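Chemist: Coordinates in data-v1.txt, compact mmCIF, C-alpha atoms and all ligand atoms, are listed below.
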# COMPACT_ATOMS: atom_id res chain seq x y z
CA MET B 130 -55.72 -18.61 -59.47
CA PRO B 131 -55.00 -21.90 -57.65
CA LYS B 132 -56.20 -21.96 -54.06
CA PRO B 133 -53.49 -21.45 -51.42
CA ILE B 134 -52.33 -23.87 -48.77
CA LEU B 135 -52.70 -22.72 -45.17
CA LEU B 136 -49.46 -23.20 -43.25
CA GLY B 137 -50.64 -22.61 -39.69
CA TYR B 138 -48.47 -22.84 -36.60
CA ALA B 139 -48.73 -22.63 -32.83
CA SER B 140 -45.60 -21.39 -31.09
CA ARG B 141 -44.94 -20.08 -27.61
CA TYR B 142 -41.23 -19.23 -27.90
CA GLY B 143 -40.79 -18.96 -31.67
CA SER B 144 -38.99 -22.19 -32.57
CA THR B 145 -42.03 -23.75 -34.27
CA ARG B 146 -42.69 -20.47 -36.08
CA GLU B 147 -39.14 -20.58 -37.48
CA VAL B 148 -39.67 -24.15 -38.67
CA ALA B 149 -42.98 -23.11 -40.27
CA GLU B 150 -41.15 -20.29 -42.06
CA ALA B 151 -38.57 -22.73 -43.43
CA VAL B 152 -41.32 -25.11 -44.62
CA ALA B 153 -43.11 -22.17 -46.27
CA VAL B 154 -39.96 -21.20 -48.20
CA ILE B 155 -39.58 -24.72 -49.58
CA LEU B 156 -43.26 -25.10 -50.51
CA SER B 157 -43.18 -21.70 -52.25
CA ASP B 158 -39.97 -22.61 -54.09
CA LYS B 159 -41.80 -25.69 -55.35
CA GLY B 160 -44.45 -23.42 -56.86
CA LEU B 161 -47.17 -23.75 -54.23
CA GLU B 162 -49.16 -20.77 -53.01
CA VAL B 163 -48.68 -20.65 -49.21
CA ASP B 164 -50.43 -18.56 -46.59
CA LEU B 165 -48.33 -18.63 -43.39
CA GLN B 166 -50.40 -17.77 -40.31
CA PRO B 167 -50.38 -18.21 -36.54
CA LEU B 168 -53.24 -20.65 -35.90
CA ARG B 169 -54.92 -18.33 -33.43
CA LYS B 170 -55.49 -15.79 -36.22
CA VAL B 171 -57.24 -18.20 -38.58
CA ARG B 172 -60.97 -17.64 -38.62
CA SER B 173 -62.06 -19.86 -41.50
CA LEU B 174 -60.62 -22.51 -43.82
CA ASP B 175 -62.73 -21.36 -46.77
CA GLY B 176 -60.55 -20.79 -49.81
CA TYR B 177 -57.73 -23.15 -48.76
CA ARG B 178 -57.10 -26.38 -50.60
CA ALA B 179 -54.91 -28.00 -47.93
CA VAL B 180 -53.60 -27.34 -44.44
CA VAL B 181 -50.12 -27.82 -43.02
CA LEU B 182 -50.19 -27.55 -39.25
CA GLY B 183 -47.14 -27.16 -37.02
CA ALA B 184 -47.23 -27.34 -33.24
CA PRO B 185 -44.88 -28.09 -30.35
CA LEU B 186 -45.57 -30.54 -27.54
CA TYR B 187 -45.96 -29.00 -24.10
CA ILE B 188 -46.47 -31.39 -21.20
CA GLY B 189 -47.53 -34.18 -23.48
CA ARG B 190 -50.02 -32.22 -25.58
CA TRP B 191 -49.97 -29.95 -28.59
CA LEU B 192 -49.83 -26.29 -27.59
CA LYS B 193 -53.26 -24.89 -26.82
CA ASP B 194 -53.64 -22.79 -30.00
CA ALA B 195 -53.30 -25.98 -32.02
CA ARG B 196 -55.80 -27.93 -29.92
CA ARG B 197 -58.27 -25.07 -30.15
CA PHE B 198 -57.79 -24.79 -33.91
CA LEU B 199 -58.39 -28.51 -34.38
CA SER B 200 -61.59 -28.54 -32.40
CA ARG B 201 -62.88 -25.31 -33.94
CA HIS B 202 -62.26 -26.37 -37.53
CA ARG B 203 -62.78 -30.09 -37.19
CA GLU B 204 -65.53 -30.31 -39.81
CA ALA B 205 -63.63 -28.35 -42.46
CA LEU B 206 -60.37 -30.18 -41.69
CA ALA B 207 -62.00 -33.54 -42.21
CA LYS B 208 -62.59 -32.55 -45.85
CA LEU B 209 -59.10 -31.22 -46.63
CA PRO B 210 -55.67 -32.82 -47.00
CA VAL B 211 -53.86 -32.07 -43.73
CA ALA B 212 -50.15 -32.50 -43.00
CA LEU B 213 -48.70 -32.17 -39.51
CA PHE B 214 -45.34 -31.45 -38.01
CA THR B 215 -44.66 -31.56 -34.30
CA LEU B 216 -41.69 -30.21 -32.33
CA GLY B 217 -40.67 -31.88 -29.11
CA PRO B 218 -37.44 -33.74 -28.40
CA LEU B 219 -34.76 -31.60 -26.78
CA LYS B 220 -31.97 -34.16 -26.89
CA LYS B 221 -30.57 -36.23 -29.70
CA ASP B 222 -30.54 -39.55 -27.86
CA GLU B 223 -32.69 -42.35 -29.18
CA LYS B 224 -34.49 -43.13 -25.93
CA ASP B 225 -35.68 -39.55 -25.56
CA TRP B 226 -36.80 -39.50 -29.17
CA ALA B 227 -38.72 -42.78 -28.81
CA ASP B 228 -40.47 -41.48 -25.66
CA VAL B 229 -41.59 -38.36 -27.46
CA GLN B 230 -42.71 -40.38 -30.48
CA ALA B 231 -44.87 -42.43 -28.08
CA GLN B 232 -46.25 -39.17 -26.64
CA LEU B 233 -47.07 -37.98 -30.13
CA ASP B 234 -48.72 -41.28 -31.04
CA LYS B 235 -51.03 -40.82 -28.05
CA VAL B 236 -51.85 -37.28 -29.13
CA LEU B 237 -52.63 -38.50 -32.65
CA ALA B 238 -54.82 -41.30 -31.25
CA LYS B 239 -56.83 -38.69 -29.35
CA HIS B 240 -57.45 -36.96 -32.68
CA SER B 241 -58.20 -40.12 -34.61
CA TRP B 242 -60.72 -38.28 -36.79
CA LEU B 243 -57.73 -36.48 -38.30
CA LYS B 244 -56.23 -38.48 -41.17
CA PRO B 245 -53.00 -36.65 -41.99
CA VAL B 246 -51.39 -37.21 -45.38
CA ALA B 247 -48.06 -36.75 -43.56
CA SER B 248 -46.99 -36.39 -39.94
CA GLU B 249 -43.43 -35.76 -38.79
CA LEU B 250 -41.64 -35.21 -35.51
CA PHE B 251 -38.84 -32.64 -35.37
CA GLY B 252 -36.43 -31.77 -32.59
CA GLY B 253 -37.22 -28.63 -30.63
CA LYS B 254 -35.45 -25.71 -29.00
CA PHE B 255 -35.33 -24.94 -25.31
CA ASP B 256 -33.88 -22.00 -23.41
CA PRO B 257 -34.62 -22.02 -19.68
CA ALA B 258 -33.52 -18.38 -19.40
CA LYS B 259 -36.39 -17.27 -21.65
CA LEU B 260 -39.23 -19.13 -19.95
CA ARG B 261 -42.11 -17.12 -18.55
CA PHE B 262 -44.77 -18.00 -16.01
CA PRO B 263 -46.11 -20.69 -15.58
CA TYR B 264 -43.41 -22.72 -17.37
CA LYS B 265 -40.64 -20.89 -15.54
CA LEU B 266 -42.05 -22.16 -12.29
CA LEU B 267 -42.70 -25.63 -13.65
CA VAL B 268 -39.09 -26.28 -14.60
CA THR B 269 -37.87 -25.38 -11.11
CA LEU B 270 -39.73 -28.40 -9.72
CA PRO B 271 -37.30 -31.27 -9.12
CA ALA B 272 -39.93 -33.71 -10.45
CA SER B 273 -40.13 -31.90 -13.80
CA PRO B 274 -38.38 -33.65 -16.73
CA LEU B 275 -37.08 -30.20 -17.64
CA HIS B 276 -35.52 -29.57 -14.22
CA ARG B 277 -31.90 -28.43 -14.76
CA MET B 278 -32.22 -29.18 -18.48
CA PRO B 279 -29.58 -27.10 -20.32
CA ALA B 280 -30.46 -24.90 -23.28
CA SER B 281 -30.59 -26.82 -26.54
CA ASP B 282 -31.62 -26.54 -30.16
CA VAL B 283 -31.92 -29.88 -31.92
CA ARG B 284 -33.91 -28.72 -34.91
CA ASP B 285 -32.46 -30.53 -37.93
CA TRP B 286 -32.87 -28.06 -40.76
CA GLU B 287 -31.85 -30.55 -43.42
CA LYS B 288 -34.49 -33.00 -42.25
CA ILE B 289 -37.06 -30.19 -42.11
CA ARG B 290 -36.29 -29.03 -45.65
CA ALA B 291 -36.29 -32.57 -47.03
CA TRP B 292 -39.66 -33.26 -45.40
CA ALA B 293 -41.09 -30.04 -46.86
CA ALA B 294 -39.82 -30.94 -50.34
CA GLY B 295 -41.48 -34.36 -50.10
CA LEU B 296 -44.65 -32.74 -48.84
CA ALA B 297 -44.78 -30.39 -51.83
CA ARG B 298 -45.07 -33.47 -54.03
CA LYS B 299 -47.93 -34.88 -51.90
CA LEU B 300 -49.93 -31.67 -51.85
C1 LIG G 1 -42.65 -26.16 -20.22
C2 LIG G 1 -42.29 -27.01 -21.39
C3 LIG G 1 -42.87 -28.25 -21.53
C4 LIG G 1 -42.51 -29.08 -22.60
N1 LIG G 1 -43.08 -30.29 -22.71
C5 LIG G 1 -42.69 -31.13 -23.71
C6 LIG G 1 -43.25 -32.43 -23.83
O1 LIG G 1 -44.13 -32.84 -23.08
N2 LIG G 1 -42.79 -33.23 -24.82
C7 LIG G 1 -41.83 -32.82 -25.68
O2 LIG G 1 -41.42 -33.60 -26.53
N3 LIG G 1 -41.32 -31.56 -25.63
C8 LIG G 1 -41.72 -30.72 -24.66
N4 LIG G 1 -41.20 -29.46 -24.59
C9 LIG G 1 -40.27 -29.01 -25.63
C10 LIG G 1 -40.95 -28.08 -26.64
O3 LIG G 1 -41.83 -28.81 -27.46
C11 LIG G 1 -39.86 -27.41 -27.48
O4 LIG G 1 -39.12 -26.57 -26.61
C12 LIG G 1 -40.40 -26.62 -28.66
O5 LIG G 1 -39.34 -26.33 -29.56
C13 LIG G 1 -41.09 -25.33 -28.22
O6 LIG G 1 -41.71 -24.70 -29.30
P1 LIG G 1 -41.95 -23.12 -29.40
O7 LIG G 1 -40.61 -22.43 -29.29
O8 LIG G 1 -42.55 -22.94 -30.75
O9 LIG G 1 -42.89 -22.73 -28.29
C14 LIG G 1 -41.55 -28.63 -23.54
C15 LIG G 1 -40.98 -27.36 -23.39
C16 LIG G 1 -41.34 -26.56 -22.33
C17 LIG G 1 -40.70 -25.20 -22.19
Do you think you could lay out the structure here as structure tokens?
Ligand SMILES: Cc1cc2nc3c(=O)[nH]c(=O)nc-3n(C[C@H](O)[C@H](O)[C@H](O)COP(=O)(O)O)c2cc1C
Modeler:
Amino acid sequence: MPKPILLGYASRYGSTREVAEAVAVILSDKGLEVDLQPLRKVRSLDGYRAVVLGAPLYIGRWLKDARRFLSRHREALAKLPVALFTLGPLKKDEKDWADVQAQLDKVLAKHSWLKPVASELFGGKFDPAKLRFPYKLLVTLPASPLHRMPASDVRDWEKIRAWAAGLARKL
């Protein structure tokens, strides 16, 4: 039996989980064995031959489950092919996208020990009506970039599927 690929995700409101599910479908269709798991449930990387990690940006950082996973499994991750996808931008405009790309570049620089075989930024989903504490409070602050931000979903499923198909070839 070939070893599976871990497709691990961190997700607070489910949009990154849905992207992870779509990536898993494509990788499986391409004949790869995929184990889809929330990162907080992963205890060990033994038995995996590669890791695909998906996480959203929250206040300029990857969501906590992802940061914790990376520090906990740093040694094992350094020996495996790792691919990353990050959700963030909530608008389609170029300026917003470039700002988030710069945010992501900083995050990647902080994890410079990680040498991903692929890293991609995808649009995210935002629904202010669904936010819970403390984010609910945060977005009410006039200084917050999310203050009065309308609901949006700029996940580009075609881009996501195309990236996953390309990734299947790399893994
Ligand atoms: C409180 C809050 C803070 C966020 N901060 C950022 C950020 O710093 N940079 C960014 O690009 N996106 C940011 N986002 C957008 C999220 O990355 C996006 O909504 C993502 O799709 C959420 O993923 P999830 O549904 O899996 O939790 C933020 C969203 C919220 C609600």
Chemist: Within 9 Å of ligand LIG 1 (chain G), counting only C-alpha atoms and all ligand atoms: which residues, as JSON, numbers by chain?
Modeler: {"B": [138, 139, 140, 141, 142, 143, 144, 145, 146, 147, 148, 183, 184, 185, 186, 187, 188, 189, 190, 191, 192, 215, 216, 217, 218, 219, 225, 226, 228, 229, 230, 232, 233, 251, 252, 253, 254, 255, 256, 257, 260, 261, 263, 264, 265, 266, 267, 268, 273, 274, 275, 281, 282, 283, 284]}
Chemist: Pick out the residues sitting within 10 Å of stretch 194-206 of chain B, and hand them over as a VMD selection string; count all atoms listed in the file, and ignore anything fewer than 4 positions along from it in its own chain.
Modeler: chain B and resid 137 to 141 167 to 175 179 to 180 182 to 185 190 210 to 211 240 242 to 245
Chemist: For B:Pro133, which residue among B:Leu161, B:Leu270, B:Ala153, B:Leu300 is the nearest when counting all atoms listed in the file?
Modeler: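 When distances to B:Pro133 are compared using all atoms listed in the file, the smallest one comes from B:Leu161.
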Chemist: Would you mind reading off the distance between atom CA of B:Lys193 and atom CA of B:Ala294, one decimal, in Å?
Modeler: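 If I compute the distance from atom CA of B:Lys193 to atom CA of B:Ala294, I get 27.8 Å.
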Chemist: Rounded to one decimal place, report the atom CA of B:Gly160-atom CA of B:Ala297 distance in Å.
Modeler: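 So the answer is 8.6 Å.
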Chemist: Using all atoms listed in the file for the distances, tell me which of B:Ala247, B:Ala272, B:Ala231, B:Leu165 is nearest to B:Ala151.
Modeler: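 Going through B:Ala247, B:Ala272, B:Ala231, B:Leu165 one by one, the smallest distance to B:Ala151 is for B:Leu165.
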Chemist: In Å, with one decimal, what is the gap from atom CA of B:Lys288 to atom CA of B:Lys224?
Modeler: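 Calculated distance between atom CA of B:Lys288 and atom CA of B:Lys224 is 19.2 Å.
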Chemist: Smallest atom-to-atom distance to B:Lys299: which of B:Lys235, B:Ala258, B:Leu156, B:Glu162, using only C-alpha atoms?
Modeler: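 Ranked by minimum distance to B:Lys299, first place goes to B:Leu156.
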Chemist: Go through B:Lys259, B:Lys132, B:Ala207, B:Ala212 and flag the residue nearest B:Ala293, using all atoms listed in the file for the distances.
Modeler: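 Result for the nearest residue to B:Ala293: B:Ala212.
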Chemist: Name the residues within 7 Å of (-57.2, -21.5, -51.9), counting only C-alpha atoms in the file's coordinates, and put them as an MDAnalysis selection string.
Modeler: chainID B and resid 131:134 176:178
Chemist: Step by step, gather every atom of stretch 265-270 of chain B that the file lists, find the box along x, y and z that holds them, add 6 Å on each side, and finally give centre and edge lengths in Å to one decimal, as JSON.
Modeler:
{"center_x": -40.3, "center_y": -24.6, "center_z": -12.6, "size_x": 16.8, "size_y": 19.5, "size_z": 17.8}
Chemist: Name the closest residue to B:Trp286 among the candidates B:Ala238, B:Ala149, B:Met130, B:Leu213; distances are taken between atoms, counting all atoms listed in the file.
Modeler: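 For B:Trp286, the nearest of the given residues is B:Ala149.
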